[in-house]
Every structure is written in C-alpha cells, then in structure tokens.
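Undergrad: Below is protein.csv; it holds CSV, C-alpha atoms.
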chain,number,residue,atom,x,y,z
T,4,MET,CA,35.7,64.6,-15.9
T,5,ALA,CA,33.2,63.7,-18.5
T,6,ASP,CA,31.2,60.5,-17.9
T,7,HIS,CA,32.4,58.8,-21.0
T,8,LEU,CA,36.1,59.4,-20.0
T,9,LEU,CA,35.5,58.0,-16.5
T,10,HIS,CA,33.7,55.0,-18.0
T,11,PHE,CA,36.6,54.4,-20.4
T,12,ASP,CA,39.1,54.8,-17.5
T,13,ARG,CA,37.3,52.3,-15.4
T,14,HIS,CA,37.1,49.9,-18.4
T,15,ILE,CA,40.9,50.1,-19.0
T,16,PHE,CA,41.4,49.7,-15.2
T,17,TYR,CA,39.3,46.5,-15.2
T,18,LEU,CA,41.2,45.2,-18.2
T,19,ILE,CA,44.6,45.7,-16.5
T,20,ASN,CA,43.5,44.7,-12.9
T,21,HIS,CA,41.4,41.7,-14.0
T,22,ASP,CA,42.0,40.5,-17.5
T,23,LEU,CA,45.8,40.7,-17.5
T,24,SER,CA,45.9,38.9,-14.1
T,25,ASN,CA,48.4,36.1,-13.8
T,26,THR,CA,50.6,34.6,-11.1
T,27,PHE,CA,53.8,36.1,-12.4
T,28,PHE,CA,52.4,39.7,-12.4
T,29,ASP,CA,50.8,39.0,-9.0
T,30,TRP,CA,54.4,38.4,-7.7
T,31,LEU,CA,56.2,41.0,-9.8
T,32,MET,CA,54.0,44.1,-9.8
T,33,PRO,CA,53.9,44.7,-6.1
T,34,LEU,CA,57.7,44.7,-6.2
T,35,MET,CA,57.8,47.1,-9.1
T,36,ARG,CA,55.8,49.8,-7.3
T,37,ASN,CA,57.7,49.4,-4.0
T,38,PRO,CA,60.2,52.3,-3.6
T,39,LYS,CA,62.4,50.1,-1.3
T,40,PHE,CA,62.9,47.6,-4.2
T,41,TRP,CA,64.5,50.4,-6.2
T,42,ILE,CA,67.0,51.6,-3.5
T,43,PRO,CA,69.9,49.9,-5.3
T,44,LEU,CA,69.1,51.7,-8.5
T,45,TYR,CA,68.8,55.0,-6.7
T,46,LEU,CA,72.2,54.4,-4.9
T,47,PHE,CA,73.7,53.5,-8.3
T,48,ILE,CA,72.5,56.7,-9.9
T,49,ILE,CA,73.9,58.8,-7.0
T,50,GLY,CA,77.2,56.9,-6.9
T,51,PHE,CA,77.6,57.0,-10.7
T,52,CYS,CA,76.9,60.7,-11.0
T,53,ILE,CA,79.3,61.6,-8.2
T,54,TRP,CA,82.0,59.2,-9.3
T,55,GLN,CA,81.8,60.1,-13.0
T,56,TYR,CA,81.1,63.9,-12.7
T,57,LYS,CA,82.5,64.9,-9.3
T,58,LYS,CA,81.2,68.3,-8.2
T,59,GLN,CA,78.9,68.6,-11.2
T,60,GLY,CA,77.5,65.1,-10.4
T,61,ALA,CA,76.8,66.2,-6.8
T,62,ILE,CA,74.9,69.3,-8.1
T,63,LEU,CA,73.1,67.0,-10.5
T,64,ILE,CA,71.9,64.8,-7.6
T,65,VAL,CA,70.8,67.9,-5.7
T,66,PHE,CA,68.7,69.0,-8.7
T,67,LEU,CA,67.3,65.5,-9.1
T,68,ALA,CA,66.4,65.4,-5.4
T,69,LEU,CA,64.7,68.8,-5.7
T,70,ALA,CA,62.8,67.6,-8.8
T,71,VAL,CA,61.5,64.6,-7.0
T,72,GLY,CA,60.7,66.5,-3.8
T,73,PHE,CA,58.9,69.2,-5.8
T,74,ALA,CA,57.0,66.6,-7.9
T,75,ASP,CA,56.1,64.6,-4.8
T,76,TYR,CA,54.9,67.5,-2.7
T,77,THR,CA,52.9,69.3,-5.4
T,78,SER,CA,51.3,66.0,-6.5
T,79,ALA,CA,50.3,64.7,-3.1
T,80,SER,CA,49.7,67.9,-1.2
T,81,LEU,CA,48.4,70.4,-3.8
T,82,ILE,CA,46.9,68.6,-6.8
T,83,LYS,CA,45.4,65.5,-5.2
T,84,PRO,CA,43.3,67.4,-2.6
T,85,TYR,CA,42.1,69.7,-5.4
T,86,ALA,CA,41.2,66.9,-7.8
T,87,HIS,CA,39.6,64.9,-5.0
T,88,ARG,CA,39.4,61.7,-7.0
T,89,LEU,CA,38.9,58.5,-5.1
T,90,ARG,CA,41.1,55.5,-5.6
T,91,PRO,CA,39.7,52.5,-7.5
T,92,CYS,CA,39.6,50.5,-4.2
T,93,ARG,CA,37.5,53.3,-2.7
T,94,ASP,CA,35.4,54.3,-5.7
T,95,PRO,CA,31.8,53.3,-5.3
T,96,VAL,CA,31.6,52.0,-8.9
T,97,THR,CA,34.8,49.9,-8.8
T,98,SER,CA,35.7,49.1,-5.2
T,99,ALA,CA,33.7,45.8,-5.0
T,100,ALA,CA,35.4,44.4,-8.1
T,101,VAL,CA,39.0,45.5,-7.5
T,102,VAL,CA,41.5,42.8,-7.1
T,103,ARG,CA,43.6,44.2,-4.3
T,104,ARG,CA,47.2,43.0,-4.4
T,105,VAL,CA,48.4,45.6,-2.0
T,106,PRO,CA,46.7,47.7,0.7
T,107,CYS,CA,44.4,50.4,-0.8
T,108,GLY,CA,46.4,53.3,0.3
T,109,THR,CA,45.4,56.6,1.9
T,110,GLY,CA,44.5,59.8,0.2
T,111,TYR,CA,43.2,60.6,-3.2
T,112,SER,CA,44.1,59.0,-6.5
T,113,PHE,CA,44.8,61.7,-9.1
T,114,PRO,CA,47.5,62.1,-10.0
T,115,SER,CA,49.5,59.1,-9.0
T,116,THR,CA,52.5,60.4,-7.0
T,117,HIS,CA,54.4,57.2,-7.9
T,118,ALA,CA,54.0,58.1,-11.5
T,119,THR,CA,54.8,61.8,-10.9
T,120,ASP,CA,58.0,61.0,-9.0
T,121,HIS,CA,59.3,58.3,-11.3
T,122,PHE,CA,58.6,60.2,-14.5
T,123,ALA,CA,60.3,63.3,-13.0
T,124,ILE,CA,63.4,61.1,-12.4
T,125,ALA,CA,63.2,59.4,-15.8
T,126,VAL,CA,62.8,62.6,-17.8
T,127,PHE,CA,65.3,64.6,-15.8
T,128,LEU,CA,68.0,61.9,-16.4
T,129,SER,CA,67.0,61.5,-20.1
T,130,TRP,CA,67.1,65.3,-20.7
T,131,LEU,CA,70.6,65.4,-19.4
T,132,PHE,CA,72.1,62.2,-20.7
T,133,TYR,CA,70.3,61.5,-24.0
T,134,LYS,CA,72.8,63.0,-26.4
T,135,GLN,CA,75.7,60.9,-25.2
T,136,ARG,CA,73.9,57.9,-23.9
T,137,ARG,CA,70.9,57.3,-26.1
T,138,TRP,CA,69.9,54.1,-24.2
T,139,VAL,CA,69.0,56.2,-21.1
T,140,LEU,CA,65.8,57.5,-22.7
T,141,PRO,CA,64.1,54.2,-23.5
T,142,ALA,CA,65.4,52.6,-20.3
T,143,THR,CA,64.2,55.2,-17.9
T,144,LEU,CA,60.9,55.7,-19.6
T,145,LEU,CA,60.3,51.9,-19.7
T,146,TRP,CA,61.2,51.8,-16.0
T,147,ALA,CA,58.8,54.6,-15.1
T,148,ALA,CA,56.0,53.1,-17.3
T,149,ILE,CA,56.4,49.7,-15.6
T,150,ILE,CA,55.9,51.4,-12.2
T,151,CYS,CA,52.8,53.1,-13.6
T,152,PHE,CA,51.4,49.9,-15.0
T,153,ALA,CA,52.1,48.2,-11.6
T,154,GLN,CA,50.0,50.9,-9.8
T,155,VAL,CA,47.0,50.1,-11.9
T,156,TYR,CA,47.6,46.3,-11.8
T,157,VAL,CA,47.7,46.2,-8.0
T,158,GLY,CA,44.5,48.2,-7.8
T,159,VAL,CA,45.5,51.5,-6.3
T,160,HIS,CA,45.2,53.8,-9.3
T,161,PHE,CA,43.2,54.3,-12.5
T,162,PRO,CA,45.0,54.6,-15.8
T,163,LEU,CA,44.2,58.3,-16.0
T,164,ASP,CA,45.8,58.8,-12.6
T,165,VAL,CA,49.1,57.4,-13.8
T,166,THR,CA,48.9,59.1,-17.1
T,167,GLY,CA,48.3,62.5,-15.5
T,168,GLY,CA,51.1,61.8,-13.0
T,169,ALA,CA,53.5,60.8,-15.9
T,170,ILE,CA,52.7,64.0,-17.8
T,171,TYR,CA,53.1,66.2,-14.7
T,172,GLY,CA,56.3,64.4,-13.6
T,173,SER,CA,57.7,64.7,-17.1
T,174,LEU,CA,57.2,68.5,-17.0
T,175,VAL,CA,58.8,68.7,-13.6
T,176,GLY,CA,61.7,66.7,-14.8
T,177,ILE,CA,62.2,69.0,-17.8
T,178,LEU,CA,61.9,72.1,-15.6
T,179,PHE,CA,64.6,70.9,-13.2
T,180,ALA,CA,66.9,69.6,-15.9
T,181,VAL,CA,66.7,73.0,-17.6
T,182,GLY,CA,67.4,74.6,-14.3
T,183,PHE,CA,70.4,72.3,-13.8
T,184,ARG,CA,71.8,73.3,-17.2
T,185,LYS,CA,71.4,77.0,-16.3
T,186,VAL,CA,73.4,76.5,-13.1
T,187,VAL,CA,76.0,74.1,-14.6
T,188,PRO,CA,76.2,75.1,-18.3
T,189,ALA,CA,79.5,73.2,-18.7
T,190,PHE,CA,78.0,69.8,-17.9
T,191,ARG,CA,78.6,67.2,-20.6
T,192,ALA,CA,77.2,63.8,-20.1
Please rewrite the model in this file as structure tokens.

TA:
Amino acid sequence: MADHLLHFDRHIFYLINHDLSNTFFDWLMPLMRNPKFWIPLYLFIIGFCIWQYKKQGAILIVFLALAVGFADYTSASLIKPYAHRLRPCRDPVTSAAVVRRVPCGTGYSFPSTHATDHFAIAVFLSWLFYKQRRWVLPATLLWAAIICFAQVYVGVHFPLDVTGGAIYGSLVGILFAVGFRKVVPAFRA
C-alpha cells in the first residue's frame, strides 16, 4: 500500500479508537463484534426462513451458510496470509497507542473476517429480500457496518481492513444470492 494511504488509515484508526472513545461505546462495541451476541438473530433468520418459505427457506439457509463459510475461509486462510498486514495492536507504528478493549487477536488484519462474514450475510439477504421487504437493505447494512466500526473501535482492525472485508463479503453475498436464484428460480420473498 502507498505510504500516504497507510498514514490516512492509521489516522482514521486513531480517530475512531481514541477520539470517539466514551464509556457507552466501551461497553457496547465489544458486544457488537462478538458473534455469540448475535446468536438470537442468526436463529431468528434460520427459523423465519424455514417457517415462512419451507423447503425453499431451508435451501436459502444452506446457501447463506455456504456464503459465510466461503467468505470466512477465503478471507482468513487465503487472503490474510497473502496480504500479510499486521493488526493495529501488533503494528510497530500504532501498537503502543492502541486502546485495547478486547484481546488483540491472532493472525493478520487484512481483510477483517468479521466484516467479510457479516457483509456476506447482509448483502445475501438484501439481494433476496429487497424487492418485497425494502427495510432489509438498510437494516442489514447498518448491522454489518456497526460490526465493522466495532472492530476498529476495540483496536483489532484498521478502517481499510473492514472496508476491504465489507467489499469482499458483499461480492461473496451477491455471488451466492445469484447462485441461490439459479437453483430456486421460483423463490419470491
């Protein structure tokens, strides 16, 4: 990456990690990035799809799971080792100044797998439900964006990490939503 882009990324990281610091975010943001916190939402999505759409809903959940699995694996196991970017809490330039609100985490930083996974979910669901349920698009994108913001706020990712993860996850979400539509062309949300 160009030096000016890295400098800008570190500057925005500092702004979010330090300048936006407050006790409410210190409590909320670690929850927002914790996958266990979202288990009720995941269960609701699974239950709603199967209850509302029966067999098509079950196939939808399989495609959603495949999208998340693909996004997660390729992000964490293929892209991160290739990109080889250190997390802010391990980066020699930023590590001493990072406000660590959660443990640093292992592995590399780019792209954020949290961002990749959650944008894959958000875009997959939006792609399939937007025409009949317009609220799904802003709701899911806001949800995924909050998780991305939380990753930066707690000190484990730079803004470009979550941006790259969001873009990649969105592409994966579209790919699997299109695949679902090919397999189940009669699906109507």

Undergrad: Between atom CA of T:Lys83 and atom CA of T:Cys107, what is the distance, to one decimal in Å?

TA: 15.8 Å

Undergrad: Which residues come within 12 Å of T:Trp130, counting only C-alpha atoms, excluding same-chain residues fewer than 6 positions away, as a list in words?

TA: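 In the requested format, the answer is Leu63, Leu67, Phe122, Ala123, Ile124, Arg136, Arg137, Val139, Leu140, Pro141, Thr143, Leu144, Ser173, Leu174, Val175, Gly176, Ile177, Leu178, Phe179, Ala180, Val181, Gly182, Phe183, Arg184, Arg191 and Ala192 of chain T.
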
Undergrad: I'd like the neighbourhood of stretch 112-120 of chain T as number ranges by chain, where a residue qualifies if any of its atoms comes within 8 Å (using only C-alpha atoms), though same-chain residues fewer than 6 positions away should be ignored.

TA: T: 36, 71, 74-75, 78-79, 82-83, 86-91, 147-148, 150-151, 154, 159-161, 163-173

Undergrad: Just the selected residues (C-alpha atoms), exported as an mmCIF file, keeping the file's coordinate frame, please.

TA:
data_model
loop_
_atom_site.group_PDB
_atom_site.id
_atom_site.type_symbol
_atom_site.label_atom_id
_atom_site.label_comp_id
_atom_site.auth_asym_id
_atom_site.auth_seq_id
_atom_site.Cartn_x
_atom_site.Cartn_y
_atom_site.Cartn_z
ATOM 1 C CA ARG T 36 55.800 49.800 -7.300
ATOM 2 C CA VAL T 71 61.500 64.600 -7.000
ATOM 3 C CA ALA T 74 57.000 66.600 -7.900
ATOM 4 C CA ASP T 75 56.100 64.600 -4.800
ATOM 5 C CA SER T 78 51.300 66.000 -6.500
ATOM 6 C CA ALA T 79 50.300 64.700 -3.100
ATOM 7 C CA ILE T 82 46.900 68.600 -6.800
ATOM 8 C CA LYS T 83 45.400 65.500 -5.200
ATOM 9 C CA ALA T 86 41.200 66.900 -7.800
ATOM 10 C CA HIS T 87 39.600 64.900 -5.000
ATOM 11 C CA ARG T 88 39.400 61.700 -7.000
ATOM 12 C CA LEU T 89 38.900 58.500 -5.100
ATOM 13 C CA ARG T 90 41.100 55.500 -5.600
ATOM 14 C CA PRO T 91 39.700 52.500 -7.500
ATOM 15 C CA ALA T 147 58.800 54.600 -15.100
ATOM 16 C CA ALA T 148 56.000 53.100 -17.300
ATOM 17 C CA ILE T 150 55.900 51.400 -12.200
ATOM 18 C CA CYS T 151 52.800 53.100 -13.600
ATOM 19 C CA GLN T 154 50.000 50.900 -9.800
ATOM 20 C CA VAL T 159 45.500 51.500 -6.300
ATOM 21 C CA HIS T 160 45.200 53.800 -9.300
ATOM 22 C CA PHE T 161 43.200 54.300 -12.500
ATOM 23 C CA LEU T 163 44.200 58.300 -16.000
ATOM 24 C CA ASP T 164 45.800 58.800 -12.600
ATOM 25 C CA VAL T 165 49.100 57.400 -13.800
ATOM 26 C CA THR T 166 48.900 59.100 -17.100
ATOM 27 C CA GLY T 167 48.300 62.500 -15.500
ATOM 28 C CA GLY T 168 51.100 61.800 -13.000
ATOM 29 C CA ALA T 169 53.500 60.800 -15.900
ATOM 30 C CA ILE T 170 52.700 64.000 -17.800
ATOM 31 C CA TYR T 171 53.100 66.200 -14.700
ATOM 32 C CA GLY T 172 56.300 64.400 -13.600
ATOM 33 C CA SER T 173 57.700 64.700 -17.100
#

Undergrad: For a test of reading the model, state the distance in Å between atom CA of T:Leu18 and atom CA of T:Pro162, rounded to one decimal.

TA: 10.4 Å

Undergrad: Nearest residue to T:Val105 out of T:Ile62, T:Leu69, T:Val186, T:Leu31, using only C-alpha atoms?

TA: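 Using only C-alpha atoms, the shortest distance to T:Val105 belongs to T:Leu31.
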